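Reproduced below: entry.cif, with mmCIF, C-alpha atoms.
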data_final
loop_
_atom_site.group_PDB
_atom_site.id
_atom_site.type_symbol
_atom_site.label_atom_id
_atom_site.label_comp_id
_atom_site.auth_asym_id
_atom_site.auth_seq_id
_atom_site.Cartn_x
_atom_site.Cartn_y
_atom_site.Cartn_z
ATOM 1 C CA MET S 966 28.894 -14.290 -15.171
ATOM 2 C CA LYS S 967 27.390 -10.859 -15.963
ATOM 3 C CA LYS S 968 24.473 -11.619 -13.619
ATOM 4 C CA GLY S 969 26.857 -12.266 -10.693
ATOM 5 C CA TRP S 970 28.734 -8.983 -11.228
ATOM 6 C CA THR S 971 25.461 -7.050 -11.439
ATOM 7 C CA GLY S 972 24.331 -8.504 -8.113
ATOM 8 C CA PHE S 973 27.719 -7.750 -6.553
ATOM 9 C CA ALA S 974 27.626 -4.146 -7.807
ATOM 10 C CA PHE S 975 24.079 -3.700 -6.449
ATOM 11 C CA LEU S 976 25.157 -5.073 -3.057
ATOM 12 C CA LEU S 977 28.183 -2.759 -3.065
ATOM 13 C CA VAL S 978 25.928 0.243 -3.742
ATOM 14 C CA LEU S 979 23.613 -0.648 -0.863
ATOM 15 C CA LEU S 980 26.421 -1.317 1.625
ATOM 16 C CA THR S 981 28.353 1.866 0.907
ATOM 17 C CA GLN S 982 25.229 4.000 1.023
ATOM 18 C CA ALA S 983 24.299 2.519 4.362
ATOM 19 C CA HIS S 984 27.483 4.189 5.643
ATOM 20 C CA GLY S 985 26.653 7.551 4.056
ATOM 21 C CA GLN S 986 29.098 7.354 1.145
ATOM 22 C CA GLU S 987 28.122 8.607 -2.286
ATOM 23 C CA ILE S 988 28.098 6.208 -5.223
ATOM 24 C CA TRP S 989 28.225 7.263 -8.865
ATOM 25 C CA ARG S 990 26.917 5.106 -11.741
ATOM 26 C CA GLN S 991 27.222 5.248 -15.508
ATOM 27 C CA ALA S 992 25.790 2.854 -18.131
ATOM 28 C CA ASP S 993 27.031 2.918 -21.724
ATOM 29 C CA GLY S 994 25.136 2.015 -24.897
ATOM 30 C CA GLN S 995 26.185 -1.651 -24.717
ATOM 31 C CA GLY S 996 24.758 -2.087 -21.209
ATOM 32 C CA HIS S 997 28.095 -1.972 -19.375
ATOM 33 C CA VAL S 998 27.685 -0.358 -15.964
ATOM 34 C CA ARG S 999 30.462 1.377 -14.025
ATOM 35 C CA TYR S 1000 30.299 2.364 -10.345
ATOM 36 C CA ALA S 1001 32.655 4.668 -8.450
ATOM 37 C CA ASP S 1002 32.828 6.496 -5.129
ATOM 38 C CA GLU S 1003 33.698 9.811 -6.844
ATOM 39 C CA PRO S 1004 31.901 11.630 -9.691
ATOM 40 C CA PHE S 1005 33.186 11.093 -13.231
ATOM 41 C CA PRO S 1006 31.996 12.269 -16.700
ATOM 42 C CA GLY S 1007 28.533 10.961 -17.572
ATOM 43 C CA ALA S 1008 27.894 9.471 -14.110
ATOM 44 C CA VAL S 1009 24.802 10.055 -11.991
ATOM 45 C CA ARG S 1010 24.597 9.802 -8.219
ATOM 46 C CA VAL S 1011 22.885 6.627 -7.005
ATOM 47 C CA GLN S 1012 20.769 6.658 -3.880
ATOM 48 C CA SER S 1013 19.151 3.696 -2.199
ATOM 49 C CA PRO S 1014 15.398 4.080 -1.607
ATOM 50 C CA GLY S 1015 15.939 2.567 1.832
ATOM 51 C CA ILE S 1016 17.833 5.695 2.909
ATOM 52 C CA ALA S 1017 15.484 8.278 1.414
ATOM 53 C CA GLY S 1018 12.095 8.713 3.045
ATOM 54 C CA TRP S 1019 9.015 7.196 1.445
ATOM 55 C CA ARG S 1020 5.435 6.510 2.409
ATOM 56 C CA SER S 1021 3.308 3.532 1.446
ATOM 57 C CA PRO S 1022 0.244 4.107 -0.779
ATOM 58 C CA GLU S 1023 -1.978 3.669 2.300
ATOM 59 C CA GLY S 1024 -0.262 6.561 4.113
ATOM 60 C CA PRO S 1025 -1.973 9.853 4.880
ATOM 61 C CA GLN S 1026 -2.451 12.261 1.974
ATOM 62 C CA SER S 1027 -1.427 15.910 2.196
ATOM 63 C CA SER S 1028 -2.070 18.842 -0.099
ATOM 64 C CA LEU S 1029 0.768 20.509 -1.979
ATOM 65 C CA THR S 1030 1.216 24.239 -1.932
ATOM 66 C CA ALA S 1031 2.399 26.136 -5.017
ATOM 67 C CA GLN S 1032 5.916 25.902 -3.601
ATOM 68 C CA GLY S 1033 5.488 22.161 -3.060
ATOM 69 C CA GLU S 1034 4.293 21.694 -6.648
ATOM 70 C CA ALA S 1035 7.347 23.563 -7.931
ATOM 71 C CA GLN S 1036 9.555 21.359 -5.772
ATOM 72 C CA ALA S 1037 7.784 18.246 -7.092
ATOM 73 C CA ALA S 1038 8.360 19.370 -10.694
ATOM 74 C CA LYS S 1039 12.046 19.942 -9.969
ATOM 75 C CA GLN S 1040 12.276 16.545 -8.281
ATOM 76 C CA GLU S 1041 10.509 14.861 -11.181
ATOM 77 C CA ALA S 1042 13.240 16.024 -13.535
ATOM 78 C CA ALA S 1043 16.015 14.745 -11.248
ATOM 79 C CA LEU S 1044 14.505 11.424 -10.108
ATOM 80 C CA GLY S 1045 15.375 8.165 -11.866
ATOM 81 C CA LEU S 1046 14.026 4.652 -11.326
ATOM 82 C CA GLU S 1047 15.290 1.304 -12.632
ATOM 83 C CA ILE S 1048 14.326 -2.319 -12.162
ATOM 84 C CA ALA S 1049 17.544 -4.119 -11.203
ATOM 85 C CA SER S 1050 15.898 -7.546 -10.987
ATOM 86 C CA PRO S 1051 14.401 -9.323 -12.823
ATOM 87 C CA ALA S 1052 16.560 -8.298 -15.773
ATOM 88 C CA ALA S 1053 15.228 -7.911 -19.310
ATOM 89 C CA SER S 1054 14.641 -11.316 -20.960
ATOM 90 C CA GLU S 1055 15.661 -13.128 -17.758
ATOM 91 C CA THR S 1056 14.077 -16.462 -16.882
ATOM 92 C CA VAL S 1057 13.139 -16.444 -13.193
ATOM 93 C CA TRP S 1058 12.553 -19.743 -11.395
ATOM 94 C CA GLY S 1059 10.415 -19.999 -8.301
ATOM 95 C CA ALA S 1060 7.572 -21.896 -6.723
ATOM 96 C CA GLY S 1061 4.257 -20.647 -5.420
ATOM 97 C CA GLY S 1062 3.921 -17.711 -7.795
ATOM 98 C CA GLU S 1063 6.217 -15.413 -5.774
ATOM 99 C CA LEU S 1064 8.531 -12.928 -7.525
ATOM 100 C CA GLU S 1065 11.258 -10.790 -5.953
ATOM 101 C CA VAL S 1066 11.731 -7.336 -7.524
ATOM 102 C CA ARG S 1067 14.781 -5.145 -6.818
ATOM 103 C CA LEU S 1068 14.694 -1.420 -7.575
ATOM 104 C CA LEU S 1069 17.357 1.274 -7.981
ATOM 105 C CA VAL S 1070 16.391 4.903 -7.302
ATOM 106 C CA ASN S 1071 18.606 7.737 -8.523
ATOM 107 C CA GLY S 1072 17.827 10.976 -6.693
ATOM 108 C CA GLU S 1073 15.914 12.018 -3.596
ATOM 109 C CA LEU S 1074 12.360 10.864 -2.901
ATOM 110 C CA GLN S 1075 10.016 13.562 -1.630
ATOM 111 C CA ASP S 1076 7.815 13.179 1.427
ATOM 112 C CA GLY S 1077 4.605 11.398 0.522
ATOM 113 C CA SER S 1078 6.171 9.434 -2.355
ATOM 114 C CA ALA S 1079 4.836 5.942 -2.979
ATOM 115 C CA PHE S 1080 6.015 3.089 -5.159
ATOM 116 C CA SER S 1081 3.713 1.505 -7.728
ATOM 117 C CA ILE S 1082 4.391 -1.740 -9.585
ATOM 118 C CA LEU S 1083 2.629 -2.598 -12.830
ATOM 119 C CA LEU S 1084 2.625 -6.280 -13.776
ATOM 120 C CA ASP S 1085 1.384 -6.899 -17.310
ATOM 121 C CA GLY S 1086 -0.090 -3.370 -17.312
ATOM 122 C CA VAL S 1087 -2.112 -3.840 -14.102
ATOM 123 C CA GLU S 1088 -1.336 -2.394 -10.656
ATOM 124 C CA ALA S 1089 0.097 -5.243 -8.566
ATOM 125 C CA PRO S 1090 -0.018 -5.420 -4.762
ATOM 126 C CA TRP S 1091 3.406 -5.893 -3.211
ATOM 127 C CA GLN S 1092 5.030 -6.518 0.142
ATOM 128 C CA GLY S 1093 8.429 -5.660 1.554
ATOM 129 C CA GLU S 1094 10.569 -2.580 1.959
ATOM 130 C CA PRO S 1095 12.139 -0.860 -1.033
ATOM 131 C CA PRO S 1096 14.494 -1.599 -2.681
ATOM 132 C CA VAL S 1097 13.337 -5.245 -2.363
ATOM 133 C CA LEU S 1098 9.666 -5.959 -3.056
ATOM 134 C CA ARG S 1099 7.770 -9.232 -3.356
ATOM 135 C CA LEU S 1100 4.854 -9.878 -5.689
ATOM 136 C CA ALA S 1101 2.463 -12.799 -5.271
ATOM 137 C CA GLU S 1102 0.648 -14.807 -7.925
ATOM 138 C CA VAL S 1103 3.154 -14.297 -10.729
ATOM 139 C CA TRP S 1104 2.733 -17.604 -12.526
ATOM 140 C CA ARG S 1105 4.746 -19.221 -15.298
ATOM 141 C CA GLY S 1106 4.871 -17.473 -18.649
ATOM 142 C CA GLU S 1107 6.017 -14.200 -20.174
ATOM 143 C CA HIS S 1108 5.419 -11.025 -18.161
ATOM 144 C CA ARG S 1109 6.042 -7.272 -18.357
ATOM 145 C CA LEU S 1110 7.069 -5.273 -15.295
ATOM 146 C CA ARG S 1111 7.250 -1.506 -14.747
ATOM 147 C CA ALA S 1112 7.929 0.440 -11.545
ATOM 148 C CA ARG S 1113 6.787 3.986 -10.776
ATOM 149 C CA VAL S 1114 7.231 6.581 -8.038
ATOM 150 C CA LEU S 1115 4.078 8.602 -7.388
ATOM 151 C CA ASP S 1116 3.613 11.792 -5.389
ATOM 152 C CA ASP S 1117 0.901 12.087 -2.732
ATOM 153 C CA HIS S 1118 -1.594 13.125 -5.454
ATOM 154 C CA GLY S 1119 -0.915 10.013 -7.534
ATOM 155 C CA ARG S 1120 1.118 11.890 -10.166
ATOM 156 C CA GLU S 1121 4.017 9.965 -11.656
ATOM 157 C CA LEU S 1122 7.381 11.410 -10.607
ATOM 158 C CA ALA S 1123 9.560 8.720 -12.173
ATOM 159 C CA ALA S 1124 9.119 5.447 -14.019
ATOM 160 C CA SER S 1125 11.373 2.609 -15.006
ATOM 161 C CA GLU S 1126 11.537 1.216 -18.485
ATOM 162 C CA GLU S 1127 9.318 -1.798 -18.967
ATOM 163 C CA VAL S 1128 11.134 -5.100 -18.365
ATOM 164 C CA ARG S 1129 9.974 -8.258 -20.152
ATOM 165 C CA PHE S 1130 10.897 -11.477 -18.303
ATOM 166 C CA PHE S 1131 9.879 -15.121 -18.150
ATOM 167 C CA LYS S 1132 8.627 -16.939 -15.043
ATOM 168 C CA ARG S 1133 9.145 -20.678 -14.705
ATOM 169 C CA GLU S 1134 7.989 -22.955 -11.907
ATOM 170 C CA PRO S 1135 8.694 -26.606 -11.153
ATOM 171 C CA ALA S 1136 6.268 -29.082 -12.686
ATOM 172 C CA ILE S 1137 3.732 -30.610 -10.307
ATOM 173 C CA PRO S 1138 3.773 -34.403 -10.550
ATOM 174 C CA LYS S 1139 0.444 -36.005 -11.409
ATOM 175 C CA THR S 1140 -0.889 -38.471 -8.829
#

For this file, produce the structure as structure tokens.
Amino acid sequence: MKKGWTGFAFLLVLLTQAHGQEIWRQADGQGHVRYADEPFPGAVRVQSPGIAGWRSPEGPQSSLTAQGEAQAAKQEAALGLEIASPAASETVWGAGGELEVRLLVNGELQDGSAFSILLDGVEAPWQGEPPVLRLAEVWRGEHRLRARVLDDHGRELAASEEVRFFKREPAIPKT
């Protein structure tokens, strides 16, 4: 049941932000998450990465001025990143080694930002548009996943906590 409410809350966040409304989020120590359309004590503003600008890792690189570096440092302190799916200790079923990853970004992404996904400690190629990414060749077993936002110099601006999950695939009948 908790999984369904989490998905509903994530969908609500995306839909309301598509219309320019602010969403506020707060998670307590037991993992309960509360969303609201007005600020409340302990809440942080949630922003969908689809609304903020971002550039893929293959995009053109630009140099930062001293002012740009100061802005990046300020942004680094304010930027938050979470993996919404797969959840910690979740068992994900799927065929063909494909894995869908959903991200939540709290704060504004700077121009030149790029997403990086680490699967079992190794940079993984991905496809899609944030907040929904797809990884290929994630086979059955236990895996660790971590997401990062990098500036145009490859410096880490924000990182999610590492999520440990389990991938299962249908058995292939022997012929």

Self-check item: Closest of S:Glu1126, S:Glu1063, S:Glu1088, S:Glu1073 to S:Glu1102 - atom-to-atom distances counting only C-alpha atoms
Solution: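 Looking only at the distances to S:Glu1102, the closest residue turns out to be S:Glu1063.
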
Exercise. For atom CA of S:Leu1084 and atom CA of S:His1108, quote the distance in Å rounded to one decimal.
Key: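 One can read the atom CA of S:Leu1084 to atom CA of S:His1108 distance as 7.0 Å.
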
Set the distance at 9 Å and use all atoms listed in the file: which residues neighbour S:Ala1053 once local chain neighbours fewer than 3 positions away are removed? I'd like the list as a short mmCIF file (atom, residue, chain, number, x, y, z; two decimals) with C-alpha atoms, in the frame of the given file.
data_model
loop_
_atom_site.label_atom_id
_atom_site.label_comp_id
_atom_site.auth_asym_id
_atom_site.auth_seq_id
_atom_site.Cartn_x
_atom_site.Cartn_y
_atom_site.Cartn_z
CA SER S 1050 15.90 -7.55 -10.99
CA THR S 1056 14.08 -16.46 -16.88
CA GLU S 1127 9.32 -1.80 -18.97
CA VAL S 1128 11.13 -5.10 -18.36
CA ARG S 1129 9.97 -8.26 -20.15
CA PHE S 1130 10.90 -11.48 -18.30
#

Self-check item: Spatial sel., origin (26.9, 8.6, -7.7), limit 9 Å, only C-alpha atoms, listed as an NGL selection string
Solution: :S and (987-991 or 1000-1005 or 1008-1012 or 1071)

Quiz item: How far is it from atom CA of S:Phe1131 to atom CA of S:Gln1092, in Å with one decimal?
Solution: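 Computing it gives 20.8 Å between the two atoms.
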
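Of the listed residues (S:Ala1123, S:Val1114, S:Ala992, S:Ala1043), S:Val1114 comes nearest to S:Ala1079; the distances count all atoms listed in the file.
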
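Closest to S:Arg1067 among S:Pro1096, S:Pro1135, S:Gly1045, S:Gly1086 is S:Pro1096, based on all atoms listed in the file.
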
Quiz item: Residues picked by the PyMOL selection byres ((chain S and resi 1093) around 12) here, as a PyMOL selection string?
Solution: chain S and resi 1015+1021+1064-1068+1080+1090-1092+1094-1101

Just to be explicit: take each residue in the selection above, keep C-alpha atoms, and write the result as a PDB file, in the frame of the given file.
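Result saved to result07.pdb:
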ATOM      1  CA  GLY S1015      15.939   2.567   1.832  1.00  0.00           C
ATOM      2  CA  SER S1021       3.308   3.532   1.446  1.00  0.00           C
ATOM      3  CA  LEU S1064       8.531 -12.928  -7.525  1.00  0.00           C
ATOM      4  CA  GLU S1065      11.258 -10.790  -5.953  1.00  0.00           C
ATOM      5  CA  VAL S1066      11.731  -7.336  -7.524  1.00  0.00           C
ATOM      6  CA  ARG S1067      14.781  -5.145  -6.818  1.00  0.00           C
ATOM      7  CA  LEU S1068      14.694  -1.420  -7.575  1.00  0.00           C
ATOM      8  CA  PHE S1080       6.015   3.089  -5.159  1.00  0.00           C
ATOM      9  CA  PRO S1090      -0.018  -5.420  -4.762  1.00  0.00           C
ATOM     10  CA  TRP S1091       3.406  -5.893  -3.211  1.00  0.00           C
ATOM     11  CA  GLN S1092       5.030  -6.518   0.142  1.00  0.00           C
ATOM     12  CA  GLU S1094      10.569  -2.580   1.959  1.00  0.00           C
ATOM     13  CA  PRO S1095      12.139  -0.860  -1.033  1.00  0.00           C
ATOM     14  CA  PRO S1096      14.494  -1.599  -2.681  1.00  0.00           C
ATOM     15  CA  VAL S1097      13.337  -5.245  -2.363  1.00  0.00           C
ATOM     16  CA  LEU S1098       9.666  -5.959  -3.056  1.00  0.00           C
ATOM     17  CA  ARG S1099       7.770  -9.232  -3.356  1.00  0.00           C
ATOM     18  CA  LEU S1100       4.854  -9.878  -5.689  1.00  0.00           C
ATOM     19  CA  ALA S1101       2.463 -12.799  -5.271  1.00  0.00           C
TER      20      ALA S1101
END

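Residues surrounding S:Val1087 within 12 Å are Ser1081, Ile1082, His1108, Arg1109, Leu1110, Arg1111 and Ala1112 of chain S [all atoms listed in the file; sequence separation below 5 positions excluded].
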
Quiz item: Between atom CA of S:Ile1048 and atom CA of S:Val1070, what is the spacing in Å?
Solution: 8.9 Å
